[in-house]
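Visitor: Got final-v2.tsv for you, TSV, C-alpha atoms and all ligand atoms:
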chain	number	residue	atom	x	y	z
A	1	MET	CA	0.00	0.00	0.00
A	2	THR	CA	1.38	3.44	-0.84
A	3	SER	CA	2.20	5.33	2.34
A	4	GLU	CA	0.41	8.52	1.20
A	5	LEU	CA	-2.87	6.63	1.59
A	6	LEU	CA	-2.36	6.05	5.30
A	7	ASP	CA	-3.33	8.63	7.89
A	8	ALA	CA	-1.08	9.92	10.69
A	9	ASN	CA	-1.77	6.75	12.71
A	10	GLY	CA	-0.76	4.50	9.85
A	11	THR	CA	-4.31	3.29	9.24
A	12	ILE	CA	-6.59	3.57	6.25
A	13	PRO	CA	-8.56	6.83	6.43
A	14	VAL	CA	-12.29	6.54	7.07
A	15	PHE	CA	-14.46	8.34	4.55
A	16	ALA	CA	-17.79	9.93	5.25
A	17	GLY	CA	-19.54	7.73	2.68
A	18	THR	CA	-21.88	10.41	1.40
A	19	HIS	CA	-22.14	8.58	-1.92
A	20	VAL	CA	-25.45	6.74	-1.85
A	21	PRO	CA	-25.77	3.48	-3.79
A	22	GLN	CA	-28.29	3.81	-6.59
A	23	LEU	CA	-29.34	0.23	-7.00
A	24	ARG	CA	-32.41	0.41	-4.78
A	25	LEU	CA	-34.70	1.85	-7.37
A	26	PRO	CA	-38.05	3.31	-6.34
A	27	SER	CA	-40.72	0.61	-6.36
A	28	SER	CA	-42.69	2.74	-8.81
A	29	VAL	CA	-40.06	2.13	-11.52
A	30	ARG	CA	-39.56	-1.04	-13.52
A	31	LEU	CA	-36.41	-1.77	-15.51
A	32	GLU	CA	-36.15	-3.36	-18.94
A	33	VAL	CA	-32.91	-4.73	-20.35
A	34	MET	CA	-32.45	-3.04	-23.72
A	35	GLN	CA	-32.50	-5.02	-26.92
A	36	THR	CA	-29.33	-4.54	-28.93
A	37	ASN	CA	-31.23	-4.69	-32.26
A	38	GLY	CA	-28.10	-5.83	-34.03
A	39	HIS	CA	-26.06	-2.90	-32.74
A	40	HIS	CA	-22.94	-4.00	-30.93
A	41	ALA	CA	-21.16	-1.34	-28.92
A	42	PRO	CA	-17.37	-1.52	-28.82
A	43	ALA	CA	-16.31	-4.51	-26.72
A	44	ALA	CA	-14.22	-4.11	-23.60
A	45	THR	CA	-10.50	-4.68	-23.82
A	46	PHE	CA	-7.75	-4.63	-21.22
A	47	VAL	CA	-5.88	-1.36	-21.52
A	48	GLU	CA	-2.57	-0.60	-19.86
A	49	THR	CA	-1.79	3.00	-20.63
A	50	GLU	CA	-0.18	6.22	-19.51
A	51	ILE	CA	-2.03	8.84	-17.50
A	52	ILE	CA	-1.73	12.12	-19.41
A	53	SER	CA	-3.08	14.23	-16.55
A	54	ASN	CA	-4.92	13.79	-13.26
A	55	GLU	CA	-5.92	17.15	-11.81
A	56	GLU	CA	-8.30	18.39	-9.12
A	57	ILE	CA	-11.00	20.41	-10.93
A	58	ALA	CA	-13.20	21.21	-7.91
A	59	PRO	CA	-13.17	20.28	-4.22
A	60	GLU	CA	-13.06	16.43	-4.04
A	61	HIS	CA	-13.41	16.16	-7.84
A	62	TYR	CA	-10.64	15.07	-10.23
A	63	LEU	CA	-10.29	14.68	-13.98
A	64	MET	CA	-8.05	11.86	-15.22
A	65	ARG	CA	-7.11	11.85	-18.91
A	66	VAL	CA	-5.65	8.69	-20.44
A	67	ARG	CA	-4.44	7.86	-23.93
A	68	SER	CA	-6.12	4.84	-25.48
A	69	GLU	CA	-7.61	4.29	-28.91
A	70	ALA	CA	-9.93	1.58	-27.58
A	71	LEU	CA	-11.35	3.81	-24.85
A	72	ALA	CA	-11.54	6.88	-27.10
A	73	ASN	CA	-13.77	4.97	-29.49
A	74	GLY	CA	-16.40	4.07	-26.91
A	75	GLU	CA	-20.02	5.22	-27.11
A	76	PRO	CA	-22.13	7.55	-24.92
A	77	GLY	CA	-22.84	5.98	-21.52
A	78	GLN	CA	-20.10	3.35	-21.66
A	79	PHE	CA	-17.57	3.26	-18.86
A	80	GLY	CA	-14.16	2.03	-17.81
A	81	VAL	CA	-13.29	-0.20	-14.86
A	82	ILE	CA	-10.15	1.38	-13.45
A	83	ARG	CA	-7.61	-0.17	-11.13
A	84	PRO	CA	-7.09	2.68	-8.64
A	85	GLY	CA	-3.42	2.11	-7.79
A	86	SER	CA	-0.43	0.81	-9.71
A	87	ALA	CA	-0.03	-2.81	-10.79
A	88	THR	CA	2.29	-3.42	-7.84
A	89	ASP	CA	-0.08	-2.03	-5.18
A	90	ILE	CA	-1.84	-4.81	-3.31
A	91	HIS	CA	-4.59	-2.49	-2.09
A	92	PRO	CA	-7.03	-1.58	-3.45
A	93	ILE	CA	-7.11	-4.71	-5.57
A	94	LEU	CA	-10.57	-4.31	-7.09
A	95	PRO	CA	-11.12	-1.86	-9.93
A	96	ARG	CA	-13.65	0.99	-9.71
A	97	PRO	CA	-16.21	1.70	-12.47
A	98	MET	CA	-16.09	5.22	-13.92
A	99	ALA	CA	-18.15	6.68	-16.75
A	100	VAL	CA	-16.22	8.18	-19.63
A	101	TYR	CA	-16.76	11.93	-19.24
A	102	GLN	CA	-15.39	12.90	-22.65
A	103	TYR	CA	-14.04	11.09	-25.70
A	104	ASP	CA	-11.51	12.65	-28.06
A	105	LYS	CA	-11.27	10.23	-30.94
A	106	ALA	CA	-8.80	12.40	-32.88
A	107	ALA	CA	-6.38	12.64	-29.96
A	108	CYS	CA	-7.11	9.03	-28.85
A	109	THR	CA	-7.92	10.13	-25.31
A	110	ALA	CA	-10.67	9.46	-22.79
A	111	ASP	CA	-11.44	11.57	-19.71
A	112	PHE	CA	-12.86	10.36	-16.40
A	113	VAL	CA	-14.22	12.77	-13.79
A	114	TYR	CA	-14.50	11.27	-10.32
A	115	ARG	CA	-15.38	12.31	-6.82
A	116	VAL	CA	-13.24	11.08	-3.95
A	117	VAL	CA	-15.68	9.17	-1.76
A	118	GLY	CA	-13.61	6.30	-0.39
A	119	TYR	CA	-10.38	4.38	-0.47
A	120	GLY	CA	-10.35	3.55	-4.19
A	121	THR	CA	-11.04	7.05	-5.44
A	122	ALA	CA	-8.53	8.44	-2.91
A	123	ALA	CA	-5.93	6.10	-4.43
A	124	MET	CA	-6.87	7.30	-7.93
A	125	ALA	CA	-6.34	10.90	-6.84
A	126	GLN	CA	-2.74	10.01	-5.89
A	127	ARG	CA	-1.84	8.94	-9.43
A	128	ARG	CA	0.37	11.27	-11.44
A	129	ALA	CA	0.87	12.14	-15.12
A	130	GLY	CA	3.15	9.52	-16.63
A	131	ASP	CA	1.99	6.72	-14.30
A	132	ILE	CA	0.66	3.57	-15.93
A	133	VAL	CA	-2.99	2.76	-15.24
A	134	GLU	CA	-4.90	-0.49	-15.90
A	135	ILE	CA	-8.41	-0.11	-17.29
A	136	VAL	CA	-10.96	-2.51	-18.74
A	137	GLY	CA	-13.14	-0.70	-21.23
A	138	PRO	CA	-15.20	0.50	-22.86
A	139	VAL	CA	-17.76	-1.50	-20.85
A	140	GLY	CA	-21.53	-1.69	-21.04
A	141	ARG	CA	-24.51	-0.91	-23.23
A	142	PRO	CA	-24.54	2.71	-24.39
A	143	PHE	CA	-27.42	5.17	-24.38
A	144	PRO	CA	-29.49	4.67	-27.52
A	145	ILE	CA	-30.55	7.71	-29.54
A	146	SER	CA	-33.15	6.92	-32.14
A	147	ASP	CA	-32.51	8.03	-35.74
A	148	THR	CA	-35.81	9.95	-35.71
A	149	THR	CA	-35.10	11.83	-32.47
A	150	ASN	CA	-34.91	15.60	-32.75
A	151	GLY	CA	-35.00	16.48	-29.05
A	152	ILE	CA	-33.78	14.82	-25.85
A	153	LEU	CA	-34.19	15.51	-22.15
A	154	ILE	CA	-31.18	14.95	-19.89
A	155	VAL	CA	-31.52	14.91	-16.12
A	156	GLY	CA	-28.44	14.36	-13.96
A	157	ARG	CA	-27.58	14.80	-10.32
A	158	GLY	CA	-24.19	15.02	-8.65
A	159	ILE	CA	-21.51	12.73	-9.99
A	160	GLY	CA	-24.26	11.02	-12.04
A	161	VAL	CA	-23.87	13.89	-14.53
A	162	CYS	CA	-20.61	12.23	-15.64
A	163	SER	CA	-22.53	9.37	-17.25
A	164	LEU	CA	-24.51	11.84	-19.40
A	165	THR	CA	-21.83	14.15	-20.76
A	166	THR	CA	-20.82	11.99	-23.73
A	167	LEU	CA	-24.51	11.74	-24.62
A	168	ILE	CA	-24.69	15.54	-24.77
A	169	ASP	CA	-21.65	15.60	-27.06
A	170	GLU	CA	-23.25	12.99	-29.33
A	171	ALA	CA	-26.56	14.89	-29.45
A	172	ASN	CA	-24.69	18.06	-30.42
A	173	ARG	CA	-22.82	16.16	-33.12
A	174	ARG	CA	-26.16	15.03	-34.53
A	175	ASN	CA	-27.74	18.48	-34.16
A	176	ILE	CA	-30.36	17.17	-31.74
A	177	GLU	CA	-32.02	19.72	-29.44
A	178	ILE	CA	-31.00	19.23	-25.79
A	179	TYR	CA	-33.03	20.12	-22.70
A	180	ALA	CA	-31.16	19.48	-19.48
A	181	VAL	CA	-31.55	19.61	-15.72
A	182	PHE	CA	-28.39	19.49	-13.60
A	183	SER	CA	-28.87	19.02	-9.89
A	184	ALA	CA	-26.17	19.38	-7.24
A	185	ARG	CA	-25.72	19.51	-3.47
A	186	ASN	CA	-24.38	23.05	-3.51
A	187	LYS	CA	-23.43	25.85	-5.86
A	188	ASP	CA	-19.69	25.08	-5.61
A	189	VAL	CA	-20.00	21.78	-7.40
A	190	VAL	CA	-18.73	22.46	-10.86
A	191	LEU	CA	-20.17	19.38	-12.56
A	192	GLY	CA	-22.60	20.16	-15.30
A	193	LYS	CA	-21.77	23.84	-15.62
A	194	ASP	CA	-19.76	23.33	-18.82
A	195	MET	CA	-22.60	21.12	-20.00
A	196	ILE	CA	-25.04	24.02	-19.70
A	197	LYS	CA	-23.11	25.72	-22.50
A	198	LYS	CA	-23.29	22.55	-24.56
A	199	ALA	CA	-27.04	22.43	-23.95
A	200	ARG	CA	-27.13	25.82	-25.70
A	201	GLY	CA	-29.13	27.56	-23.00
A	202	ASN	CA	-31.88	24.96	-22.63
A	203	ALA	CA	-30.72	24.00	-19.16
A	204	LEU	CA	-31.83	24.34	-15.58
A	205	TYR	CA	-29.16	24.31	-12.86
A	206	VAL	CA	-30.57	23.55	-9.40
A	207	ASP	CA	-29.05	22.78	-6.01
A	208	ASP	CA	-29.96	21.86	-2.46
A	209	SER	CA	-28.75	25.10	-0.84
A	210	ASP	CA	-31.86	27.06	-1.82
A	211	GLY	CA	-34.27	24.15	-2.29
A	212	SER	CA	-34.40	24.66	-6.07
A	213	SER	CA	-33.48	20.98	-6.52
A	214	ASP	CA	-36.63	19.77	-4.73
A	215	VAL	CA	-38.67	17.53	-7.00
A	216	GLU	CA	-41.71	19.82	-6.80
A	217	ASN	CA	-39.56	22.68	-8.11
A	218	VAL	CA	-38.09	20.87	-11.13
A	219	GLU	CA	-41.30	19.03	-12.01
A	220	PRO	CA	-43.04	21.98	-13.77
A	221	TRP	CA	-40.00	22.60	-16.03
A	222	ILE	CA	-39.63	18.92	-16.97
A	223	SER	CA	-43.37	18.50	-17.36
A	224	GLU	CA	-43.59	21.47	-19.76
A	225	ILE	CA	-40.73	20.14	-21.93
A	226	ILE	CA	-42.30	16.69	-22.14
A	227	GLU	CA	-45.87	17.85	-22.72
A	228	SER	CA	-44.82	20.27	-25.45
A	229	GLY	CA	-43.63	17.31	-27.55
A	230	ARG	CA	-40.12	18.73	-27.92
A	231	VAL	CA	-38.35	15.52	-26.78
A	232	GLN	CA	-38.71	11.90	-27.80
A	233	GLN	CA	-36.22	10.37	-25.35
A	234	ALA	CA	-35.17	11.11	-21.78
A	235	TYR	CA	-32.01	10.06	-19.91
A	236	VAL	CA	-31.48	10.16	-16.15
A	237	CYS	CA	-28.61	9.39	-13.79
A	238	GLY	CA	-27.69	10.04	-10.17
A	239	SER	CA	-30.98	10.37	-8.31
A	240	ASN	CA	-33.80	7.95	-7.55
A	241	ARG	CA	-36.23	10.83	-7.06
A	242	LEU	CA	-35.45	12.18	-10.52
A	243	ILE	CA	-35.63	8.71	-12.10
A	244	GLU	CA	-39.08	8.28	-10.56
A	245	LEU	CA	-40.18	11.75	-11.66
A	246	VAL	CA	-39.03	11.48	-15.28
A	247	THR	CA	-40.40	7.94	-15.67
A	248	ARG	CA	-43.79	9.07	-14.37
A	249	LEU	CA	-44.01	12.18	-16.55
A	250	ALA	CA	-42.54	10.64	-19.71
A	251	ALA	CA	-44.68	7.49	-19.99
A	252	PRO	CA	-48.04	9.16	-20.83
A	253	ALA	CA	-46.31	11.23	-23.54
A	254	ASP	CA	-44.62	8.13	-25.07
A	255	VAL	CA	-41.21	9.58	-24.31
A	256	GLU	CA	-38.75	6.71	-23.82
A	257	THR	CA	-36.85	6.93	-20.53
A	258	TYR	CA	-33.38	5.49	-19.97
A	259	VAL	CA	-31.38	5.34	-16.76
A	260	SER	CA	-27.71	4.65	-16.10
A	261	LEU	CA	-27.36	2.66	-12.88
A	262	GLU	CA	-24.52	2.44	-10.41
A	263	ALA	CA	-23.36	-0.71	-8.64
A	264	HIS	CA	-20.28	-2.02	-6.89
A	265	MET	CA	-18.21	-3.94	-9.42
A	266	ALA	CA	-15.35	-6.39	-9.11
A	267	CYS	CA	-14.74	-7.44	-12.71
A	268	GLY	CA	-16.85	-5.35	-15.11
A	269	LEU	CA	-17.08	-8.34	-17.42
A	270	GLY	CA	-20.09	-10.33	-16.26
A	271	TYR	CA	-18.21	-12.99	-14.25
A	272	CYS	CA	-18.45	-12.07	-10.58
A	273	HIS	CA	-22.13	-11.02	-10.31
A	274	SER	CA	-21.28	-8.37	-7.73
A	275	CYS	CA	-23.27	-5.87	-9.79
A	276	ALA	CA	-26.53	-7.87	-10.01
A	277	THR	CA	-29.47	-5.47	-9.97
A	278	GLY	CA	-31.90	-7.84	-8.27
A	279	ALA	CA	-34.46	-5.52	-9.79
A	280	PHE	CA	-36.47	-8.11	-11.62
A	281	GLY	CA	-37.81	-9.96	-8.59
A	282	GLU	CA	-38.65	-13.40	-9.88
A	283	SER	CA	-35.83	-13.63	-12.39
A	284	ALA	CA	-33.41	-16.40	-11.39
A	285	GLU	CA	-30.61	-14.67	-13.27
A	286	SER	CA	-30.68	-11.04	-12.19
A	287	PRO	CA	-29.49	-8.59	-14.86
A	288	LEU	CA	-25.97	-7.34	-14.31
A	289	VAL	CA	-25.19	-3.63	-14.42
A	290	CYS	CA	-21.87	-4.22	-16.22
A	291	ARG	CA	-23.14	-6.71	-18.82
A	292	ASP	CA	-26.83	-5.82	-19.27
A	293	GLY	CA	-26.46	-2.13	-18.36
A	294	PRO	CA	-25.43	0.28	-17.05
A	295	VAL	CA	-28.15	1.75	-19.25
A	296	PHE	CA	-31.65	0.30	-18.83
A	297	ARG	CA	-35.02	1.42	-20.12
A	298	CYS	CA	-37.44	2.55	-17.38
A	299	HIS	CA	-41.20	2.07	-17.20
A	300	PRO	CA	-43.71	2.90	-14.50
A	301	ALA	CA	-44.25	-0.20	-12.32
A	302	GLY	CA	-47.28	-2.17	-13.39
A	303	VAL	CA	-46.68	-1.54	-17.09
A	304	THR	CA	-45.91	-4.84	-18.80
A	305	VAL	CA	-42.82	-4.72	-21.02
B	1	LIG	C1	-21.28	2.49	-14.46
B	1	LIG	C2	-20.74	3.35	-13.36
B	1	LIG	C3	-20.21	4.59	-13.67
B	1	LIG	C4	-19.71	5.41	-12.65
B	1	LIG	N1	-19.17	6.60	-13.00
B	1	LIG	C5	-18.63	7.37	-12.05
B	1	LIG	C6	-18.02	8.60	-12.42
B	1	LIG	O1	-17.98	8.98	-13.59
B	1	LIG	N2	-17.46	9.34	-11.44
B	1	LIG	C7	-17.48	8.94	-10.11
B	1	LIG	O2	-16.96	9.65	-9.25
B	1	LIG	N3	-18.07	7.80	-9.74
B	1	LIG	C8	-18.63	7.00	-10.68
B	1	LIG	N4	-19.19	5.80	-10.32
B	1	LIG	C9	-19.19	5.43	-8.90
B	1	LIG	C10	-17.79	4.95	-8.50
B	1	LIG	O3	-17.55	3.70	-9.10
B	1	LIG	C11	-17.69	4.82	-6.98
B	1	LIG	O4	-17.82	6.11	-6.41
B	1	LIG	C12	-16.34	4.26	-6.60
B	1	LIG	O5	-16.27	2.89	-6.98
B	1	LIG	C13	-16.12	4.39	-5.12
B	1	LIG	O6	-14.91	3.73	-4.79
B	1	LIG	P1	-14.17	4.05	-3.42
B	1	LIG	O7	-13.25	2.91	-3.15
B	1	LIG	O8	-13.58	5.41	-3.45
B	1	LIG	O9	-15.34	4.11	-2.38
B	1	LIG	P2	-15.78	2.98	-1.39
B	1	LIG	O10	-14.91	3.06	-0.19
B	1	LIG	O11	-15.91	1.68	-2.10
B	1	LIG	O12	-17.20	3.52	-1.09
B	1	LIG	C14	-17.46	4.82	-0.51
B	1	LIG	C15	-18.95	5.00	-0.50
B	1	LIG	O13	-19.47	4.94	-1.83
B	1	LIG	C16	-20.41	3.87	-1.99
B	1	LIG	N5	-20.13	3.27	-3.31
B	1	LIG	C17	-18.97	2.74	-3.74
B	1	LIG	N6	-19.06	2.31	-5.00
B	1	LIG	C18	-20.33	2.55	-5.38
B	1	LIG	C19	-21.05	2.32	-6.57
B	1	LIG	N7	-20.50	1.77	-7.64
B	1	LIG	N8	-22.33	2.68	-6.61
B	1	LIG	C20	-22.89	3.25	-5.56
B	1	LIG	N9	-22.27	3.51	-4.41
B	1	LIG	C21	-21.01	3.16	-4.30
B	1	LIG	C22	-20.12	2.94	-0.84
B	1	LIG	O14	-21.28	2.22	-0.47
B	1	LIG	C23	-19.70	3.92	0.25
B	1	LIG	O15	-20.82	4.51	0.87
B	1	LIG	C24	-19.73	4.96	-11.29
B	1	LIG	C25	-20.27	3.72	-10.98
B	1	LIG	C26	-20.77	2.93	-12.00
B	1	LIG	C27	-21.32	1.58	-11.69
B	2	LIG	S1	-18.89	-6.46	-12.12
B	2	LIG	FE1	-18.53	-8.58	-12.21
B	2	LIG	S2	-20.38	-9.30	-13.10
B	2	LIG	FE2	-20.63	-7.14	-13.16
What does this structure look like when you write it as C-alpha cells?

Guide:
Amino acid sequence: MTSELLDANGTIPVFAGTHVPQLRLPSSVRLEVMQTNGHHAPAATFVETEIISNEEIAPEHYLMRVRSEALANGEPGQFGVIRPGSATDIHPILPRPMAVYQYDKAACTADFVYRVVGYGTAAMAQRRAGDIVEIVGPVGRPFPISDTTNGILIVGRGIGVCSLTTLIDEANRRNIEIYAVFSARNKDVVLGKDMIKKARGNALYVDDSDGSSDVENVEPWISEIIESGRVQQAYVCGSNRLIELVTRLAAPADVETYVSLEAHMACGLGYCHSCATGAFGESAESPLVCRDGPVFRCHPAGVTV
C-alpha cells in the first residue's frame, strides 16, 4: 500500500460515505434490459496505458485523462473499470467503475471525472501524469438515440452527470435539441456547468442550498418540456427521485426513458455477479449492471414490457 494513503496513525482513512448506492430503485419504476437490435457497442478490452493528466478540478473532484484508442472509441454511456493504484499495489485490488466523461477520438484520449468518496477514489487521486494505469473498457450498453429523435431531455444529479456528458456531445454532433436539468448539493460543485453551455441555453441548474433541486420545483419545467412534444427520449442518472419523476411524466407522452445505474463492481465483465441489480424480482438470473447495463429502459411499475 502506498504510504500517502495512510493517515497519521498509519491506518486507512475513514471516509464519510456520502455517496449513496443507486441500486435500490423506487418501487414505482420497472427496468427493462435493452435489446441490442443488431447494434454492438465496442467490446471491452484490457488497456494498460499512460495517465496524461490527473488534476483536481473542484473540491473532491478530479479529472483523469488517459491515452487509449480503444477507450476513445467508446459510445455515450459506456464506462471504464479502473484499477485505482499501480499494478504493484496490493490495495485496493478491485477496480472501480467510472463513466467516460469525454471522448476525443482524434487525440485518442478518454477523460474520467471522479469524486473522492472512499479508499479507491482516494488512491486514484494520488496517481500522477506519466503513471501507468490499468483499465478494462469501454464497458456496457450505451445510451441509444433513435434516428428519428430531434430532441432529448437529460436529467443528472451530482456525480451522475458524468454518465450523461458523452450523450450531450453525441446529441450536439447530430444536431439534436437538448433540454437538461443538472442538480447538485451546492453551488460550488462544478459538474454540469460546462454542459449548460453545450445544452445551448436549454438547461436548468438547481441545487440543495436554496431548495431549487426539490422535485416539486423541477417538475413543472420537466413537465412542460415533455408535454410540449419537444423531446422523444429522456435520460437520467444520479438520483432515484429524478428517475421516478421522469419515468412518471414521460410514460403518458410516449417519451422513452433510460437510466444509467450504479453498482459495486469487481470485474466489469459479467463474471463475478457483484453488480446484479436484483431488480427483476422473480428472475433467477438477475441482470448485471456491467453486462446488461449500465443503461436500462425505465417504465412505471405495473406496465408490462
Ligand atoms: C457504471 C458506473 C459509472 C460510474 N461513473 C462514475 C463517475 O464517472 N465518477 C465517479 O466519481 N463515480 C462513478 N461511479 C461510482 C464509483 O464507481 C464509486 O464512487 C467508486 O467505486 C467508489 O470507490 P471508493 O473505493 O472510493 O469508495 P468505497 O470506499 O468503495 O465507497 C465509498 C462509498 O461509496 C459507496 N459506493 C462505492 N461504489 C459505489 C457504486 N459503484 N455505486 C454506488 N455507491 C457506491 C459505498 O457504499 C460507500 O458509501 C460509477 C459507478 C458505476 C457503476
Ligand atoms: S462487475 Fe462482475 S459481473 Fe458485473

Visitor: At a cut-off of 12 Å and counting all atoms listed in the file, what residues surround ligand LIG 2 (chain B)? Please answer as a PyMOL selection string.

Guide: chain A and resi 79-82+94-97+136+139-140+261-277+285-294

Visitor: Report as a PyMOL selection string which protein, DNA and RNA residues come within 7 Å of ligand LIG 1 (chain B), using all atoms listed in the file.

Guide: chain A and resi 15+17-22+79+96-101+112-122+159-160+162-163+260-265+290+294

Visitor: Would you mind listing what lies within 7 Å of Pro142 (chain A) as a PDB file with C-alpha atoms, in the coordinates of the input, with all atoms listed in the file counted and same-chain residues fewer than 5 positions away left out?

Guide:
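File result-v4.pdb, as written:
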ATOM      1  CA  ALA A  41     -21.160  -1.340 -28.920  1.00  0.00           C
ATOM      2  CA  GLU A  75     -20.020   5.220 -27.110  1.00  0.00           C
ATOM      3  CA  PRO A  76     -22.130   7.550 -24.920  1.00  0.00           C
ATOM      4  CA  GLY A  77     -22.840   5.980 -21.520  1.00  0.00           C
ATOM      5  CA  GLN A  78     -20.100   3.350 -21.660  1.00  0.00           C
ATOM      6  CA  VAL A 295     -28.150   1.750 -19.250  1.00  0.00           C
TER       7      VAL A 295
END

Visitor: Can you tell me, as a ChimeraX atom specification, what residues are no more than 7 Å from Ala301 (chain A) when counting all atoms listed in the file, ignoring any on the same chain fewer than 2 positions away?

Guide: /A:27-30,299,303

Visitor: Counting all atoms listed in the file, which residue out of A:Ala72, A:Val47, A:Leu25, A:Ile222 sits closest to Glu244 (chain A)?

Guide: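 Using all atoms listed in the file, Glu244 (chain A) sits closest to A:Leu25.
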
Visitor: Between A:Asp188, A:Glu216, A:Glu177, A:Asp194, single out the one closest to Val161 (chain A), counting only C-alpha atoms.

Guide: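 Among A:Asp188, A:Glu216, A:Glu177, A:Asp194, it is A:Asp194 that comes nearest to Val161 (chain A).
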
Visitor: Let me make sure I understand: among A:Arg157, A:Arg297, A:Arg230, A:Arg141, which one has the smallest atom-to-atom distance to Glu32 (chain A) if we use all atoms listed in the file?

Guide: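 For Glu32 (chain A), the nearest of the candidates is A:Arg297.
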
Visitor: Scan for residues within 9 Å of the point (-14.4, 12.7, -29.0) in the coordinates of the file, using only C-alpha atoms, and reply as a list in words.

Guide: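 The residues near that point, listed by chain and number, are Ala72, Asn73, Gln102, Tyr103, Asp104, Lys105, Ala106, Ala107, Cys108, Thr109, Ala110, Thr166, Asp169 and Glu170 of chain A.
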
Visitor: Please dump the current selection as a short mmCIF file (atom, residue, chain, number, x, y, z; two decimals), in the coordinates of the input; keep C-alpha atoms.

Guide:
data_model
loop_
_atom_site.label_atom_id
_atom_site.label_comp_id
_atom_site.auth_asym_id
_atom_site.auth_seq_id
_atom_site.Cartn_x
_atom_site.Cartn_y
_atom_site.Cartn_z
CA ALA A 72 -11.54 6.88 -27.10
CA ASN A 73 -13.77 4.97 -29.49
CA GLN A 102 -15.39 12.90 -22.65
CA TYR A 103 -14.04 11.09 -25.70
CA ASP A 104 -11.51 12.65 -28.06
CA LYS A 105 -11.27 10.23 -30.94
CA ALA A 106 -8.80 12.40 -32.88
CA ALA A 107 -6.38 12.64 -29.96
CA CYS A 108 -7.11 9.03 -28.85
CA THR A 109 -7.92 10.13 -25.31
CA ALA A 110 -10.67 9.46 -22.79
CA THR A 166 -20.82 11.99 -23.73
CA ASP A 169 -21.65 15.60 -27.06
CA GLU A 170 -23.25 12.99 -29.33
#

Visitor: Interatomic distance between CA of Ala250 (chain A) and CA of Glu227 (chain A)?

Guide: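 Taking CA of Ala250 (chain A) as the start and CA of Glu227 (chain A) as the end point, the length is 8.5 Å.
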
Visitor: Between CA of His40 (chain A) and CA of Asn172 (chain A), what is the distance in Å, rounded to a tenth?

Guide: 22.1 Å

Visitor: Quote the spacing between CA of Arg185 (chain A) and CA of Ala123 (chain A) in Å to one decimal place.

Guide: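 Pair CA of Arg185 (chain A) / CA of Ala123 (chain A) returns 23.9 Å.
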
Visitor: May I have the residues within 10 Å of Gly130 (chain A) as a ChimeraX atom specification, using only C-alpha atoms and disregarding those fewer than 4 positions away in the same chain?

Guide: /A:49-54,66

Visitor: Could you name the residues that touch Val259 (chain A) at 10 Å or less, counting all atoms listed in the file, but leaving out those on the same chain fewer than 6 positions away, as a ChimeraX atom specification?

Guide: /A:31,77,143,155-156,163-164,234-240,243,246-247,293-298
